[in-house]
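Scroll down for the structure; my scribbles are underneath it.
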Amino acid sequence: MSRYADEMRQASLSSHQERMRSGDFISYKFSTYMRGEQEWVTGLNGGAIVKTDHWGLSVGGRYVVEGPPFNYYSFQGEKYGLIPVDVSRRYMRK
């Protein structure tokens, strides 16, 4: 019985931790959507993060290009070999 109770506690704890991670991810996605931001990565291994928003494209907080072709609504990063960061929450896990 003791072992069964320990297994139940572990299952409950892992379930709770997963719900917390899901909540964090949902909050993150909602806030970036509300601000009109999209993050892109230049490569899978150690690539730089590129962000598009209402004004243009920035790297490290500094705008590289401004204007409609590079804003959140118009930017098509796949043309430039960029990968969108919002593919799945599995990449947000620690």
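Identifiers for the structure tokens are assigned positionally: chains receive A, B, ... in sequence, residues are indexed from 1 per chain, and ligands are indexed from 1 in the order shown.
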
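By only C-alpha atoms, and with residues fewer than 2 positions from Glu66 in chain A along its chain excluded, the set lying at most 7 Å from it is Trp55, Gly56, Leu57, Tyr63, Val64 and Phe70 of chain A.
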
Atoms to include: N, CA, C and O atoms. Write the selected residues as a PDB file, in the first residue's frame.
```pdb
ATOM      1  N   TRP A  55       6.676  47.152 -36.005  1.00  0.00           N
ATOM      2  CA  TRP A  55       7.543  48.126 -36.646  1.00  0.00           C
ATOM      3  C   TRP A  55       8.557  47.516 -37.596  1.00  0.00           C
ATOM      4  O   TRP A  55       9.057  48.188 -38.459  1.00  0.00           O
ATOM      5  N   GLY A  56       8.895  46.255 -37.415  1.00  0.00           N
ATOM      6  CA  GLY A  56       9.877  45.650 -38.308  1.00  0.00           C
ATOM      7  C   GLY A  56      10.547  44.445 -37.684  1.00  0.00           C
ATOM      8  O   GLY A  56       9.982  43.753 -36.849  1.00  0.00           O
ATOM      9  N   LEU A  57      11.795  44.231 -38.076  1.00  0.00           N
ATOM     10  CA  LEU A  57      12.553  43.062 -37.669  1.00  0.00           C
ATOM     11  C   LEU A  57      13.728  43.487 -36.799  1.00  0.00           C
ATOM     12  O   LEU A  57      14.458  44.419 -37.160  1.00  0.00           O
ATOM     13  N   TYR A  63      16.636  47.192 -34.050  1.00  0.00           N
ATOM     14  CA  TYR A  63      15.966  47.022 -35.334  1.00  0.00           C
ATOM     15  C   TYR A  63      16.990  46.962 -36.467  1.00  0.00           C
ATOM     16  O   TYR A  63      17.852  47.815 -36.586  1.00  0.00           O
ATOM     17  N   VAL A  64      16.862  45.920 -37.258  1.00  0.00           N
ATOM     18  CA  VAL A  64      17.730  45.726 -38.408  1.00  0.00           C
ATOM     19  C   VAL A  64      17.053  46.272 -39.653  1.00  0.00           C
ATOM     20  O   VAL A  64      17.675  46.943 -40.470  1.00  0.00           O
ATOM     21  N   PHE A  70       8.674  43.661 -43.437  1.00  0.00           N
ATOM     22  CA  PHE A  70       9.340  42.939 -42.362  1.00  0.00           C
ATOM     23  C   PHE A  70       8.605  43.034 -41.033  1.00  0.00           C
ATOM     24  O   PHE A  70       9.158  42.714 -39.998  1.00  0.00           O
TER      25      PHE A  70
END
```

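Nearest residue to Ile49 in chain A among A:Ser15, A:Ser2, A:Leu82, A:Arg21 is A:Leu82, counting only C-alpha atoms.
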
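Closest to Pro84 in chain A among A:Glu39, A:Tyr72, A:Gly61, A:Gly47 is A:Glu39, based on only C-alpha atoms.
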
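Secondary structure by DSSP on the backbone puts the following residues of chain A in strand (DSSP E or B): Gln38, Glu39, Trp40, Val41, Ile49, Val50, Lys51, Thr52, Gly56, Leu57, Ser58, Val59, Arg62, Tyr63, Val64, Val65, Glu66, Ile83 and Pro84 of chain A.
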
Dump as a PDB file, in the first residue's frame, selection limited to N, CA and C atoms:
```pdb
ATOM      1  N   GLN A  38       6.415  37.972 -33.233  1.00  0.00           N
ATOM      2  CA  GLN A  38       6.730  36.609 -33.668  1.00  0.00           C
ATOM      3  C   GLN A  38       8.236  36.438 -33.558  1.00  0.00           C
ATOM      4  N   GLU A  39       8.665  35.329 -32.987  1.00  0.00           N
ATOM      5  CA  GLU A  39      10.093  35.055 -32.872  1.00  0.00           C
ATOM      6  C   GLU A  39      10.483  33.999 -33.899  1.00  0.00           C
ATOM      7  N   TRP A  40      11.669  34.191 -34.459  1.00  0.00           N
ATOM      8  CA  TRP A  40      12.227  33.272 -35.444  1.00  0.00           C
ATOM      9  C   TRP A  40      13.642  32.930 -34.997  1.00  0.00           C
ATOM     10  N   VAL A  41      14.136  31.789 -35.414  1.00  0.00           N
ATOM     11  CA  VAL A  41      15.508  31.413 -35.110  1.00  0.00           C
ATOM     12  C   VAL A  41      16.235  31.176 -36.433  1.00  0.00           C
ATOM     13  N   ILE A  49      18.130  34.628 -32.308  1.00  0.00           N
ATOM     14  CA  ILE A  49      16.691  34.888 -32.269  1.00  0.00           C
ATOM     15  C   ILE A  49      16.417  36.205 -32.985  1.00  0.00           C
ATOM     16  N   VAL A  50      15.496  36.152 -33.922  1.00  0.00           N
ATOM     17  CA  VAL A  50      15.063  37.324 -34.680  1.00  0.00           C
ATOM     18  C   VAL A  50      13.597  37.549 -34.323  1.00  0.00           C
ATOM     19  N   LYS A  51      13.222  38.793 -34.059  1.00  0.00           N
ATOM     20  CA  LYS A  51      11.844  39.085 -33.654  1.00  0.00           C
ATOM     21  C   LYS A  51      11.209  40.067 -34.621  1.00  0.00           C
ATOM     22  N   THR A  52       9.981  39.754 -35.024  1.00  0.00           N
ATOM     23  CA  THR A  52       9.211  40.697 -35.828  1.00  0.00           C
ATOM     24  C   THR A  52       8.081  41.241 -34.967  1.00  0.00           C
ATOM     25  N   GLY A  56       8.895  46.255 -37.415  1.00  0.00           N
ATOM     26  CA  GLY A  56       9.877  45.650 -38.308  1.00  0.00           C
ATOM     27  C   GLY A  56      10.547  44.445 -37.684  1.00  0.00           C
ATOM     28  N   LEU A  57      11.795  44.231 -38.076  1.00  0.00           N
ATOM     29  CA  LEU A  57      12.553  43.062 -37.669  1.00  0.00           C
ATOM     30  C   LEU A  57      13.728  43.487 -36.799  1.00  0.00           C
ATOM     31  N   SER A  58      13.903  42.815 -35.659  1.00  0.00           N
ATOM     32  CA  SER A  58      14.987  43.180 -34.757  1.00  0.00           C
ATOM     33  C   SER A  58      15.782  41.940 -34.356  1.00  0.00           C
ATOM     34  N   VAL A  59      17.054  42.178 -34.074  1.00  0.00           N
ATOM     35  CA  VAL A  59      17.943  41.136 -33.565  1.00  0.00           C
ATOM     36  C   VAL A  59      18.577  41.691 -32.302  1.00  0.00           C
ATOM     37  N   ARG A  62      17.673  45.392 -31.264  1.00  0.00           N
ATOM     38  CA  ARG A  62      17.974  46.492 -32.181  1.00  0.00           C
ATOM     39  C   ARG A  62      17.328  46.206 -33.530  1.00  0.00           C
ATOM     40  N   TYR A  63      16.636  47.192 -34.050  1.00  0.00           N
ATOM     41  CA  TYR A  63      15.966  47.022 -35.334  1.00  0.00           C
ATOM     42  C   TYR A  63      16.990  46.962 -36.467  1.00  0.00           C
ATOM     43  N   VAL A  64      16.862  45.920 -37.258  1.00  0.00           N
ATOM     44  CA  VAL A  64      17.730  45.726 -38.408  1.00  0.00           C
ATOM     45  C   VAL A  64      17.053  46.272 -39.653  1.00  0.00           C
ATOM     46  N   VAL A  65      15.775  45.977 -39.787  1.00  0.00           N
ATOM     47  CA  VAL A  65      14.983  46.430 -40.932  1.00  0.00           C
ATOM     48  C   VAL A  65      13.641  46.910 -40.405  1.00  0.00           C
ATOM     49  N   GLU A  66      13.166  48.022 -40.909  1.00  0.00           N
ATOM     50  CA  GLU A  66      11.856  48.523 -40.521  1.00  0.00           C
ATOM     51  C   GLU A  66      10.966  48.622 -41.750  1.00  0.00           C
ATOM     52  N   ILE A  83      13.271  29.825 -38.995  1.00  0.00           N
ATOM     53  CA  ILE A  83      12.343  28.836 -38.453  1.00  0.00           C
ATOM     54  C   ILE A  83      11.495  29.516 -37.384  1.00  0.00           C
ATOM     55  N   PRO A  84      10.157  29.433 -37.457  1.00  0.00           N
ATOM     56  CA  PRO A  84       9.326  30.054 -36.419  1.00  0.00           C
ATOM     57  C   PRO A  84       9.522  29.346 -35.078  1.00  0.00           C
TER      58      PRO A  84
END
```
